[in-house]
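query11.txt follows (compact mmCIF, C-alpha atoms and all ligand atoms):
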# COMPACT_ATOMS: atom_id res chain seq x y z
CA MET A 1 79.75 99.34 81.33
CA LYS A 2 79.70 101.29 78.14
CA PHE A 3 82.72 101.18 75.90
CA LEU A 4 84.27 104.41 74.68
CA ASP A 5 87.69 104.58 73.12
CA GLN A 6 88.09 108.30 72.46
CA ALA A 7 87.42 111.26 74.69
CA LYS A 8 88.20 114.94 74.44
CA ILE A 9 89.17 116.59 77.70
CA TYR A 10 90.18 120.01 78.88
CA ILE A 11 92.78 120.18 81.63
CA ARG A 12 94.14 122.95 83.77
CA SER A 13 96.84 122.80 86.41
CA GLY A 14 96.70 124.87 89.59
CA LYS A 15 98.09 128.40 89.82
CA GLY A 16 100.81 129.06 92.33
CA GLY A 17 99.84 131.03 95.44
CA HIS A 18 101.08 134.62 95.71
CA GLY A 19 103.83 135.54 98.12
CA CYS A 20 102.80 137.63 101.12
CA VAL A 21 104.00 141.05 102.27
CA SER A 22 103.90 141.30 106.04
CA PHE A 23 105.98 142.70 108.90
CA ARG A 24 106.49 141.45 112.39
CA ARG A 25 104.57 143.63 114.80
CA GLU A 26 104.91 142.90 118.47
CA LYS A 27 104.92 144.94 121.59
CA PHE A 28 108.42 146.11 122.58
CA ILE A 29 109.97 144.81 119.39
CA GLU A 30 111.05 147.55 117.11
CA TYR A 31 111.81 146.99 113.46
CA GLY A 32 110.43 143.47 113.61
CA GLY A 33 111.41 142.80 110.00
CA PRO A 34 109.58 141.15 107.11
CA ASN A 35 107.76 137.88 107.74
CA GLY A 36 105.57 137.30 104.67
CA GLY A 37 105.59 133.62 103.69
CA ASN A 38 105.83 132.08 100.22
CA GLY A 39 102.82 130.91 98.24
CA GLY A 40 102.10 127.21 97.78
CA ARG A 41 102.65 125.32 94.52
CA GLY A 42 99.70 124.69 92.23
CA GLY A 43 98.68 121.07 91.64
CA ASP A 44 99.72 119.14 88.51
CA VAL A 45 97.41 117.31 86.17
CA ILE A 46 98.66 113.75 85.89
CA VAL A 47 97.44 110.86 83.78
CA GLU A 48 97.85 107.41 85.27
CA ALA A 49 97.25 103.97 83.77
CA VAL A 50 95.34 101.69 86.11
CA GLU A 51 94.25 98.11 85.95
CA ASN A 52 90.62 97.04 85.94
CA LEU A 53 89.48 99.74 83.57
CA ASN A 54 88.79 99.15 79.91
CA THR A 55 86.84 102.17 78.79
CA LEU A 56 87.19 105.93 78.75
CA ILE A 57 83.49 106.43 79.39
CA ASP A 58 84.18 108.38 82.60
CA TYR A 59 85.59 111.18 80.48
CA ARG A 60 82.45 111.45 78.41
CA PHE A 61 80.83 112.81 81.56
CA GLN A 62 83.76 114.55 83.18
CA GLN A 63 85.49 116.53 80.48
CA HIS A 64 87.02 119.32 82.55
CA ILE A 65 89.80 118.28 84.86
CA LYS A 66 91.39 120.93 87.01
CA ALA A 67 94.00 120.72 89.71
CA LYS A 68 93.74 122.94 92.79
CA ASN A 69 95.48 126.29 93.08
CA GLY A 70 98.21 126.83 95.66
CA ARG A 71 97.22 128.96 98.66
CA PRO A 72 98.87 132.36 99.16
CA GLY A 73 101.58 132.82 101.75
CA MET A 74 100.67 134.47 105.06
CA GLY A 75 102.20 136.57 107.80
CA THR A 76 104.39 135.12 110.53
CA SER A 77 106.37 133.29 107.83
CA ARG A 78 103.61 130.87 106.96
CA THR A 79 103.90 129.18 103.57
CA GLY A 80 100.65 128.64 101.71
CA ALA A 81 99.39 125.10 101.25
CA GLY A 82 100.14 123.37 97.94
CA GLY A 83 97.23 122.63 95.61
CA ASP A 84 96.18 119.00 95.18
CA ASP A 85 97.06 117.25 91.93
CA ALA A 86 94.30 116.06 89.64
CA VAL A 87 94.83 112.46 88.53
CA ILE A 88 93.17 111.19 85.36
CA ARG A 89 92.82 107.44 85.70
CA VAL A 90 92.75 105.67 82.36
CA PRO A 91 92.92 102.08 81.16
CA ILE A 92 96.25 100.57 80.17
CA GLY A 93 96.83 101.21 76.47
CA THR A 94 95.58 104.79 76.51
CA GLN A 95 97.38 107.40 74.49
CA VAL A 96 97.20 111.12 75.09
CA LEU A 97 97.11 113.26 71.96
CA ASP A 98 97.18 116.97 71.35
CA GLU A 99 94.05 118.83 70.34
CA ALA A 100 94.66 118.32 66.64
CA ARG A 101 95.30 114.62 67.27
CA GLU A 102 98.57 114.79 65.41
CA HIS A 103 101.09 114.13 68.14
CA VAL A 104 101.10 111.45 70.77
CA LEU A 105 102.10 113.18 73.99
CA ALA A 106 102.01 110.12 76.19
CA ASP A 107 101.49 106.42 75.69
CA LEU A 108 100.56 104.51 78.82
CA THR A 109 101.31 100.85 78.36
CA GLY A 110 101.96 99.62 81.89
CA ALA A 111 99.93 99.66 85.07
CA GLY A 112 100.98 102.44 87.39
CA GLN A 113 102.68 104.48 84.69
CA ARG A 114 102.14 108.21 85.24
CA VAL A 115 102.80 111.21 83.06
CA ILE A 116 102.50 114.84 84.09
CA LEU A 117 100.42 116.60 81.46
CA ALA A 118 100.28 120.09 82.95
CA ARG A 119 102.52 121.42 85.68
CA GLY A 120 101.20 123.55 88.49
CA GLY A 121 102.51 127.11 88.82
CA ALA A 122 105.31 127.66 91.33
CA GLY A 123 104.49 129.46 94.56
CA GLY A 124 105.46 133.16 94.67
CA ARG A 125 108.07 134.37 97.15
CA GLY A 126 106.93 136.34 100.15
CA ASN A 127 108.71 139.52 101.27
CA GLU A 128 110.67 137.67 103.91
CA SER A 129 112.72 135.94 101.26
CA PHE A 130 113.67 139.31 99.73
CA LYS A 131 115.35 140.60 102.84
CA SER A 132 119.05 141.30 102.67
CA SER A 133 121.61 143.34 104.52
CA THR A 134 120.88 146.34 102.36
CA ASN A 135 117.14 145.96 102.09
CA ARG A 136 115.79 145.25 105.51
CA SER A 137 112.18 146.01 104.97
CA PRO A 138 111.41 144.76 101.45
CA ARG A 139 107.94 145.28 100.16
CA GLN A 140 108.46 143.04 97.17
CA PHE A 141 106.76 139.75 96.60
CA ASP A 142 106.36 137.40 93.64
CA PRO A 143 102.99 136.51 92.24
CA GLY A 144 102.29 132.80 91.95
CA GLY A 145 103.21 131.00 88.71
CA GLU A 146 100.60 130.72 85.99
CA ALA A 147 98.59 127.59 85.41
CA GLU A 148 98.87 125.56 82.21
CA GLU A 149 95.73 124.67 80.33
CA MET A 150 95.09 122.67 77.22
CA THR A 151 92.64 120.54 75.36
CA LEU A 152 93.68 116.97 74.78
CA TRP A 153 92.36 113.75 73.40
CA LEU A 154 92.52 110.44 75.16
CA ARG A 155 92.53 107.46 72.90
CA LEU A 156 92.41 103.86 74.01
CA LYS A 157 94.13 101.14 72.06
CA LEU A 158 93.43 97.93 73.85
CA ILE A 159 96.39 95.74 74.59
CA ALA A 160 95.87 92.12 73.64
CA ASP A 161 98.12 89.30 72.49
CA ALA A 162 96.04 88.38 69.48
CA GLY A 163 93.23 90.03 67.59
CA LEU A 164 90.30 88.25 65.94
CA ILE A 165 89.56 89.61 62.52
CA GLY A 166 87.26 88.58 59.69
CA LEU A 167 84.07 89.47 57.87
CA PRO A 168 80.89 89.93 59.88
CA ASN A 169 79.39 86.59 60.89
CA ALA A 170 82.72 84.78 60.53
CA GLY A 171 82.22 83.54 64.08
CA LYS A 172 84.69 85.77 65.93
CA SER A 173 82.53 86.31 68.99
CA THR A 174 81.62 82.62 69.08
CA PHE A 175 85.32 81.79 69.00
CA LEU A 176 86.02 84.14 71.89
CA THR A 177 83.17 82.60 73.87
CA ALA A 178 84.51 79.11 73.21
CA VAL A 179 88.05 79.79 74.38
CA SER A 180 87.55 82.31 77.17
CA ARG A 181 85.05 83.33 79.80
CA ALA A 182 84.08 86.45 77.90
CA ARG A 183 80.45 86.46 76.83
CA PRO A 184 80.10 88.80 73.88
CA LYS A 185 76.83 89.02 72.01
CA ILE A 186 76.49 86.44 69.23
CA GLY A 187 73.96 86.63 66.44
CA GLY A 188 73.32 85.23 62.98
CA TYR A 189 73.33 88.69 61.45
CA PRO A 190 76.17 91.01 60.49
CA PHE A 191 77.51 93.56 62.95
CA THR A 192 76.38 91.86 66.10
CA THR A 193 79.54 93.14 67.72
CA LEU A 194 79.58 96.94 67.88
CA TYR A 195 82.61 97.48 70.06
CA PRO A 196 85.64 95.39 70.98
CA ASN A 197 85.58 92.66 73.61
CA LEU A 198 88.53 91.20 75.42
CA GLY A 199 88.81 87.64 76.67
CA VAL A 200 91.54 85.65 78.34
CA ALA A 201 92.26 82.13 77.11
CA GLN A 202 94.28 79.74 79.20
CA VAL A 203 96.83 77.85 77.10
CA GLY A 204 98.78 75.51 79.33
CA GLU A 205 100.60 77.77 81.76
CA ARG A 206 100.09 80.87 79.70
CA GLU A 207 97.28 83.32 79.51
CA VAL A 208 96.56 84.78 76.12
CA VAL A 209 94.47 87.92 75.83
CA LEU A 210 92.27 87.94 72.75
CA ALA A 211 90.44 90.92 71.29
CA ASP A 212 87.23 90.40 69.33
CA ILE A 213 86.48 93.38 67.13
CA PRO A 214 83.55 94.25 64.86
CA GLY A 215 83.60 92.63 61.42
CA LEU A 216 85.21 94.27 58.44
CA ILE A 217 83.58 94.57 55.04
CA GLU A 218 84.79 95.65 51.65
CA GLY A 219 85.43 99.39 51.74
CA ALA A 220 85.68 99.56 55.55
CA HIS A 221 88.66 101.88 55.12
CA GLU A 222 86.30 104.31 53.40
CA GLY A 223 83.79 104.02 56.20
CA ALA A 224 81.64 101.14 54.94
CA GLY A 225 79.93 99.13 57.68
CA LEU A 226 81.37 100.18 61.01
CA GLY A 227 84.51 101.44 59.30
CA ASP A 228 87.98 100.24 60.19
CA ARG A 229 88.76 102.37 63.21
CA PHE A 230 88.42 99.35 65.48
CA LEU A 231 91.54 98.00 63.84
CA GLY A 232 93.29 100.44 66.18
CA HIS A 233 92.57 97.89 68.90
CA VAL A 234 94.55 95.16 67.17
CA GLU A 235 97.44 97.47 66.26
CA ARG A 236 99.24 96.47 69.44
CA CYS A 237 98.50 92.76 69.08
CA ARG A 238 101.35 90.44 68.35
CA ALA A 239 99.32 88.16 66.13
CA LEU A 240 96.08 88.15 64.21
CA ILE A 241 93.66 85.25 64.08
CA HIS A 242 91.90 85.59 60.77
CA LEU A 243 88.61 83.70 60.76
CA VAL A 244 86.97 82.80 57.47
CA ASP A 245 83.43 81.47 57.47
CA GLY A 246 83.69 78.01 55.89
CA THR A 247 80.04 78.05 54.86
CA ALA A 248 80.58 81.10 52.65
CA GLU A 249 80.43 80.50 48.89
CA ASP A 250 83.82 82.01 48.15
CA VAL A 251 86.27 81.66 51.00
CA ALA A 252 89.17 82.99 48.94
CA ALA A 253 87.31 86.23 48.23
CA ALA A 254 86.38 86.58 51.90
CA TYR A 255 90.01 86.19 52.84
CA ARG A 256 91.18 88.70 50.25
CA THR A 257 88.60 91.31 51.26
CA VAL A 258 89.84 91.35 54.83
CA ARG A 259 93.49 91.37 53.74
CA GLY A 260 92.70 94.29 51.46
CA GLU A 261 91.31 96.24 54.41
CA LEU A 262 94.39 95.45 56.48
CA GLU A 263 96.60 96.74 53.68
CA ALA A 264 94.53 99.90 53.38
CA TYR A 265 94.71 100.50 57.12
CA ASP A 266 98.39 99.57 57.33
CA ALA A 267 99.97 100.69 60.66
CA GLY A 268 101.94 97.45 60.54
CA LEU A 269 98.89 95.18 60.46
CA PRO A 270 99.66 93.43 57.15
CA ASP A 271 103.05 92.33 58.49
CA LYS A 272 101.77 90.81 61.69
CA LEU A 273 101.86 87.09 62.29
CA GLU A 274 98.59 85.79 60.87
CA LEU A 275 96.88 82.50 61.64
CA VAL A 276 94.37 81.72 58.93
CA CYS A 277 91.41 79.64 60.09
CA LEU A 278 88.57 78.04 58.21
CA ASN A 279 85.76 78.29 60.76
CA LYS A 280 82.41 76.48 61.08
CA CYS A 281 83.88 73.18 59.86
CA ASP A 282 81.11 71.37 61.78
CA ALA A 283 78.61 72.60 59.19
CA LEU A 284 80.49 71.22 56.18
CA SER A 285 80.59 67.80 54.55
CA ASP A 286 83.99 66.20 54.18
CA GLU A 287 84.25 66.85 50.44
CA LEU A 288 83.16 70.45 50.75
CA LEU A 289 85.57 70.98 53.64
CA ALA A 290 88.49 69.59 51.63
CA ALA A 291 87.63 71.84 48.68
CA ARG A 292 87.30 74.96 50.82
CA VAL A 293 90.54 74.26 52.66
CA GLU A 294 92.27 73.96 49.32
CA GLU A 295 90.80 77.24 48.05
CA LEU A 296 91.70 79.11 51.21
CA THR A 297 95.23 77.69 51.37
CA ALA A 298 95.82 78.81 47.82
CA ALA A 299 94.48 82.31 48.53
CA ALA A 300 96.38 82.73 51.78
CA GLY A 301 99.59 81.07 50.64
CA ARG A 302 100.01 79.49 54.04
CA PRO A 303 98.64 76.53 56.00
CA VAL A 304 95.06 76.83 57.15
CA HIS A 305 93.69 75.77 60.53
CA VAL A 306 90.36 73.99 60.39
CA ILE A 307 88.27 74.94 63.40
CA SER A 308 84.75 75.24 64.72
CA GLY A 309 83.87 77.66 67.47
CA VAL A 310 80.52 76.00 68.10
CA ALA A 311 81.81 72.41 68.25
CA GLY A 312 85.11 73.41 69.83
CA LYS A 313 87.08 71.62 67.10
CA GLY A 314 90.69 72.56 66.49
CA LEU A 315 90.71 75.26 69.16
CA PRO A 316 93.32 73.90 71.59
CA GLU A 317 95.65 73.14 68.65
CA LEU A 318 95.20 76.63 67.27
CA LEU A 319 95.92 78.31 70.59
CA ARG A 320 98.95 76.15 71.18
CA HIS A 321 100.21 77.01 67.75
CA LEU A 322 99.62 80.68 68.54
CA THR A 323 101.66 80.63 71.73
CA GLU A 324 104.45 78.63 70.10
CA ALA A 325 104.62 81.01 67.18
CA MET A 326 104.62 84.00 69.52
CA ALA A 327 107.43 82.49 71.55
CA ALA A 328 109.45 81.45 68.50
CA ALA A 329 109.25 84.60 66.41
CA PRO A 330 111.83 87.08 67.59
CA GLY A 331 110.38 90.48 68.26
CA LEU A 332 106.90 89.08 68.63
CA ASP A 333 107.12 88.07 72.21
CA ALA A 334 109.42 90.90 73.17
CA GLY A 335 108.26 93.65 70.89
CA PRO A 336 108.28 97.26 71.98
CA GLU A 337 104.64 96.94 72.94
CA ALA A 338 105.30 93.85 74.97
CA ALA A 339 107.81 95.54 77.20
CA PRO A 340 106.00 98.36 78.91
CA GLU A 341 108.16 101.18 80.09
CA PRO A 342 109.04 100.95 83.73
CA ALA A 343 106.33 102.42 85.85
CA GLY A 344 107.14 105.81 87.21
CA GLU A 345 106.49 109.43 86.62
CA THR A 346 107.65 111.00 83.42
CA ALA A 347 106.93 114.35 81.92
CA ILE A 348 105.69 114.62 78.38
CA GLY A 349 108.13 115.36 75.62
CA ALA A 350 110.29 112.32 75.09
CA GLU A 351 107.59 110.03 73.77
CA ALA A 352 107.93 107.99 70.62
CA GLU A 353 106.24 109.11 67.45
CA GLU A 354 103.07 107.43 66.29
CA PRO A 355 103.57 104.79 63.59
CA ALA A 356 102.42 106.25 60.30
CA GLY A 357 98.89 105.67 59.22
CA GLY A 358 97.14 104.66 62.39
CA LEU A 359 96.44 108.07 63.72
CA ALA A 360 95.24 109.56 60.53
CA LYS A 361 92.80 106.71 60.28
CA MET A 362 91.15 107.47 63.56
CA ALA A 363 91.37 111.16 63.33
CA GLY A 364 88.19 111.67 61.38
CA TRP A 365 85.97 109.94 63.84
CA GLN A 366 83.88 111.83 66.34
CA PRO A 367 82.36 110.08 69.32
N1 LIG B 401 77.86 76.03 62.42
C1 LIG B 401 78.60 76.96 63.02
N2 LIG B 401 78.08 78.17 63.22
C2 LIG B 401 78.82 79.11 63.82
C3 LIG B 401 80.15 78.84 64.27
N3 LIG B 401 80.64 79.94 64.83
C4 LIG B 401 79.69 80.90 64.74
N4 LIG B 401 78.57 80.39 64.13
C5 LIG B 401 77.33 81.15 63.88
O1 LIG B 401 77.62 82.25 63.04
C6 LIG B 401 76.81 83.35 63.42
C7 LIG B 401 77.69 84.57 63.68
O2 LIG B 401 78.51 84.34 64.80
P1 LIG B 401 79.24 85.51 65.58
O3 LIG B 401 80.16 84.83 66.54
O4 LIG B 401 78.25 86.47 66.11
O5 LIG B 401 80.06 86.16 64.41
P2 LIG B 401 80.98 87.47 64.44
O6 LIG B 401 82.11 87.19 63.54
O7 LIG B 401 81.31 87.83 65.84
O8 LIG B 401 80.06 88.53 63.75
P3 LIG B 401 80.03 90.11 63.91
O9 LIG B 401 80.16 90.43 65.35
O10 LIG B 401 78.72 90.50 63.38
O11 LIG B 401 81.15 90.63 63.10
C8 LIG B 401 76.01 82.94 64.64
O12 LIG B 401 74.72 82.58 64.22
C9 LIG B 401 76.77 81.74 65.16
O13 LIG B 401 75.93 80.84 65.81
C10 LIG B 401 80.66 77.50 64.05
O14 LIG B 401 81.78 77.16 64.40
N5 LIG B 401 79.85 76.62 63.43
MG MG B 402 80.90 89.44 66.90
Just give me the structure as structure tokens.
Ligand SMILES: Nc1nc2c(ncn2[C@@H]2O[C@H](COP(=O)(O)OP(=O)(O)OP(=O)(O)O)[C@@H](O)[C@H]2O)c(=O)[nH]1
Ligand SMILES: [Mg+2]
Amino acid sequence: MKFLDQAKIYIRSGKGGHGCVSFRREKFIEYGGPNGGNGGRGGDVIVEAVENLNTLIDYRFQQHIKAKNGRPGMGTSRTGAGGDDAVIRVPIGTQVLDEAREHVLADLTGAGQRVILARGGAGGRGNESFKSSTNRSPRQFDPGGEAEEMTLWLRLKLIADAGLIGLPNAGKSTFLTAVSRARPKIGGYPFTTLYPNLGVAQVGEREVVLADIPGLIEGAHEGAGLGDRFLGHVERCRALIHLVDGTAEDVAAAYRTVRGELEAYDAGLPDKLELVCLNKCDALSDELLAARVEELTAAAGRPVHVISGVAGKGLPELLRHLTEAMAAAPGLDAGPEAAPEPAGETAIGAEAEEPAGGLAKMAGWQP
């Protein structure tokens, strides 16, 4: 399945059906009176977060989403049928933005959450509902309500517990393969990973969802390499696992480059819990390893985990540390992202504002 994390769609709700003008006509019944029924309601356009989806690719091919119009009312007091709703099924973590991509209209963070994006027009009244003691044969009716239409953007920000970041070839995909059943592509060349992968690691009783994203290089925030827009997928993570290739000449510089890109991207990434790892320790001699650990510790200003994705060294300890840190740090395990809003139907309008920075970063990108 192809991965797509942005899609532009056009939506239109259904128009309401017109009311009907009709009079009762039957043999031997004089002045039968009005009996035109009301029109039916137009369908809404609703976005719904569903499980088992992790791409917006469907909306690359289906860009126009229209709900059905309501049917007009009919004689003998028959109300027109309501129009069916159109439901846009999207992966959990999808945001709906306006056409200019400036405002987040809806943020779907829990399975089953639904938001009405465009309301269907109300059904028009038929002449029967205009009758009164003074007007016994009304010829009035209401037309059906207008439809709403708009162009919107869907943007997916994957929801994971921890994100894997680092330079290309740091061993992120290898790490994900070692700890989960995900099988991303691995290669000894930069930019093997072109789009994010998710994997689930089992740590004791807990499941931890990890996101492997394409590598960052110096200047990614200016578009170098694959750019930094994939950092959007770790924006919702509670922790970052920062992998540094231990076989690199200058591990401190590698660390600083990635930190620099996080600072440039911002959106809260620099403040996230970070686990610094010196990877590929299997390929280093003891002396070299000790020297590199020292360099990296000095650069990071925090303890460094020594691991190897290929040999599986240090991985269980790292994951245990991750879950402990997530449980211990207040706000990390119960952050706003961690507590999805209760599932249910809400209309757009009351949604939280986008944290500064993130949106602007992704705004320039065209699929
Ligand atoms: N010796 C050793 N090699 C490793 C280890 N982890 C990864 N490698 C090698 O490093 C190379 C890059 O690994 P990937 O997992 O594709 O690296 P990545 O960080 O996902 O790279 P991009 O997707 O390009 O950003 C591959 O040739 C791996 O075999 C490790 O722990 N030890
Ligand atoms: Mg990779």
**Report entry** Selected residue of minimal separation from Glu295 (chain A) among A:His321, A:Arg12, A:Arg256, A:Arg238, counting only C-alpha atoms
**Finding:** A:Arg256
Query - Atomic separation - CA of Leu322 (chain A) relative to CA of Glu294 (chain A), Å - result: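 Interatomic distance, CA of Glu294 (chain A) to CA of Leu322 (chain A): 21.6 Å.
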Report task. Tell me which protein, DNA and RNA residues are within 9 Å of Gln63 (chain A), counting all atoms listed in the file, leaving out same-chain ones fewer than 3 positions away, and put them as an NGL selection string. Result -> :A and (7-11 or 58-60)
Query raised in the report: Distance CA of Val203 (chain A)-atom C7 of ligand LIG 401 (chain B), one decimal place?
Result: 24.3 Å
Query - Shell around region 217-229 of chain A at 8 Å using all atoms listed in the file, local window under 6 positions removed, as a list in words - result: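 Close residues of region 217-229 of chain A: Leu167, Pro168, Phe191, Leu194, Thr257, Val258, Glu261, Ala264, Tyr265, Lys361 and Met362 of chain A.
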Requested in this report: Return as a ChimeraX atom specification every polymer residue, whether protein, DNA or RNA, with at least one atom no more than 9 Å from an atom of ligand LIG 401 (chain B); count only C-alpha atoms and all ligand atoms.
Outcome: /A:164-177,184-195,212-216,243-247,279-284,307-313
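Residue nearest ligand MG 402 (chain B) within the list A:Gly82, A:Gly70, A:Gly16, A:Pro196: A:Pro196 [criterion: smallest interatomic distance, only C-alpha atoms and all ligand atoms].
The smallest atom-to-atom distance between Arg206 (chain A) and any of A:Glu48, A:Ala327, A:Gly145, A:Gly260, using all atoms listed in the file, is found for A:Ala327.
Considering only C-alpha atoms and all ligand atoms, the residue among A:Ala100, A:Leu240, A:Leu198, A:Val90 positioned nearest to ligand MG 402 (chain B) is A:Leu198.
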Query - Gly36 (chain A) environment, 6 Å, all atoms listed in the file, sequence neighbours closer than 2 positions dropped, as a ChimeraX atom specification - result: /A:20-22,74-75,77,126-128
Report task. Name all residues at most 12 Å from Ile65 (chain A) (count all atoms listed in the file; drop same-chain ones fewer than 2 positions away) and give them as a PyMOL selection string. Result -> chain A and resi 8-14+43-47+58-63+67-68+85-89+117-118+148-152
Restricting the output to C-alpha atoms, write the selected residues as a CSV table (one decimal), in the coordinates of the input.
chain,number,residue,atom,x,y,z
A,8,LYS,CA,88.2,114.9,74.4
A,9,ILE,CA,89.2,116.6,77.7
A,10,TYR,CA,90.2,120.0,78.9
A,11,ILE,CA,92.8,120.2,81.6
A,12,ARG,CA,94.1,123.0,83.8
A,13,SER,CA,96.8,122.8,86.4
A,14,GLY,CA,96.7,124.9,89.6
A,43,GLY,CA,98.7,121.1,91.6
A,44,ASP,CA,99.7,119.1,88.5
A,45,VAL,CA,97.4,117.3,86.2
A,46,ILE,CA,98.7,113.8,85.9
A,47,VAL,CA,97.4,110.9,83.8
A,58,ASP,CA,84.2,108.4,82.6
A,59,TYR,CA,85.6,111.2,80.5
A,60,ARG,CA,82.4,111.4,78.4
A,61,PHE,CA,80.8,112.8,81.6
A,62,GLN,CA,83.8,114.6,83.2
A,63,GLN,CA,85.5,116.5,80.5
A,67,ALA,CA,94.0,120.7,89.7
A,68,LYS,CA,93.7,122.9,92.8
A,85,ASP,CA,97.1,117.2,91.9
A,86,ALA,CA,94.3,116.1,89.6
A,87,VAL,CA,94.8,112.5,88.5
A,88,ILE,CA,93.2,111.2,85.4
A,89,ARG,CA,92.8,107.4,85.7
A,117,LEU,CA,100.4,116.6,81.5
A,118,ALA,CA,100.3,120.1,83.0
A,148,GLU,CA,98.9,125.6,82.2
A,149,GLU,CA,95.7,124.7,80.3
A,150,MET,CA,95.1,122.7,77.2
A,151,THR,CA,92.6,120.5,75.4
A,152,LEU,CA,93.7,117.0,74.8
Requested in this report: Rounded to one decimal place, report the CA of Gly124 (chain A)-CA of Asn38 (chain A) distance in Å.
Outcome: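 Going from CA of Gly124 (chain A) over to CA of Asn38 (chain A) covers 5.7 Å.
Restricting the calculation to all atoms listed in the file, the smallest distance between ligand MG 402 (chain B) and any of A:Arg139, A:Lys131, A:Arg183, A:Arg101 is found for A:Arg183.
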Residue completion, region 122-138 of chain A, N, CA and C atoms, as a tab-separated table (two decimals), in the coordinates of the input:
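Below is the file that was written, result11.tsv:
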chain	number	residue	atom	x	y	z
A	122	ALA	N	104.50	127.63	90.11
A	122	ALA	CA	105.31	127.66	91.33
A	122	ALA	C	104.71	128.69	92.29
A	123	GLY	N	104.96	128.49	93.57
A	123	GLY	CA	104.49	129.46	94.56
A	123	GLY	C	105.34	130.74	94.49
A	124	GLY	N	104.71	131.90	94.70
A	124	GLY	CA	105.46	133.16	94.67
A	124	GLY	C	106.21	133.37	95.98
A	125	ARG	N	107.30	134.13	95.92
A	125	ARG	CA	108.07	134.37	97.15
A	125	ARG	C	107.42	135.47	97.98
A	126	GLY	N	107.42	135.30	99.25
A	126	GLY	CA	106.93	136.34	100.15
A	126	GLY	C	108.03	137.36	100.43
A	127	ASN	N	107.69	138.47	101.10
A	127	ASN	CA	108.71	139.52	101.27
A	127	ASN	C	109.84	139.10	102.20
A	128	GLU	N	109.60	138.09	103.02
A	128	GLU	CA	110.67	137.67	103.91
A	128	GLU	C	111.87	137.17	103.11
A	129	SER	N	111.60	136.50	102.01
A	129	SER	CA	112.72	135.94	101.26
A	129	SER	C	113.44	137.00	100.44
A	130	PHE	N	112.96	138.24	100.43
A	130	PHE	CA	113.67	139.31	99.73
A	130	PHE	C	114.59	140.10	100.66
A	131	LYS	N	114.57	139.77	101.92
A	131	LYS	CA	115.35	140.60	102.84
A	131	LYS	C	116.85	140.36	102.64
A	132	SER	N	117.60	141.41	102.82
A	132	SER	CA	119.05	141.30	102.67
A	132	SER	C	119.67	142.35	103.58
A	133	SER	N	120.96	142.40	103.61
A	133	SER	CA	121.61	143.34	104.52
A	133	SER	C	121.34	144.78	104.11
A	134	THR	N	121.10	144.98	102.82
A	134	THR	CA	120.88	146.34	102.36
A	134	THR	C	119.40	146.69	102.26
A	135	ASN	N	118.57	145.69	102.18
A	135	ASN	CA	117.14	145.96	102.09
A	135	ASN	C	116.46	145.21	103.23
A	136	ARG	N	116.25	145.95	104.31
A	136	ARG	CA	115.79	145.25	105.51
A	136	ARG	C	114.29	145.28	105.69
A	137	SER	N	113.63	146.06	104.88
A	137	SER	CA	112.18	146.01	104.97
A	137	SER	C	111.59	145.97	103.55
A	138	PRO	N	111.88	144.86	102.83
A	138	PRO	CA	111.41	144.76	101.45
A	138	PRO	C	109.89	144.70	101.39
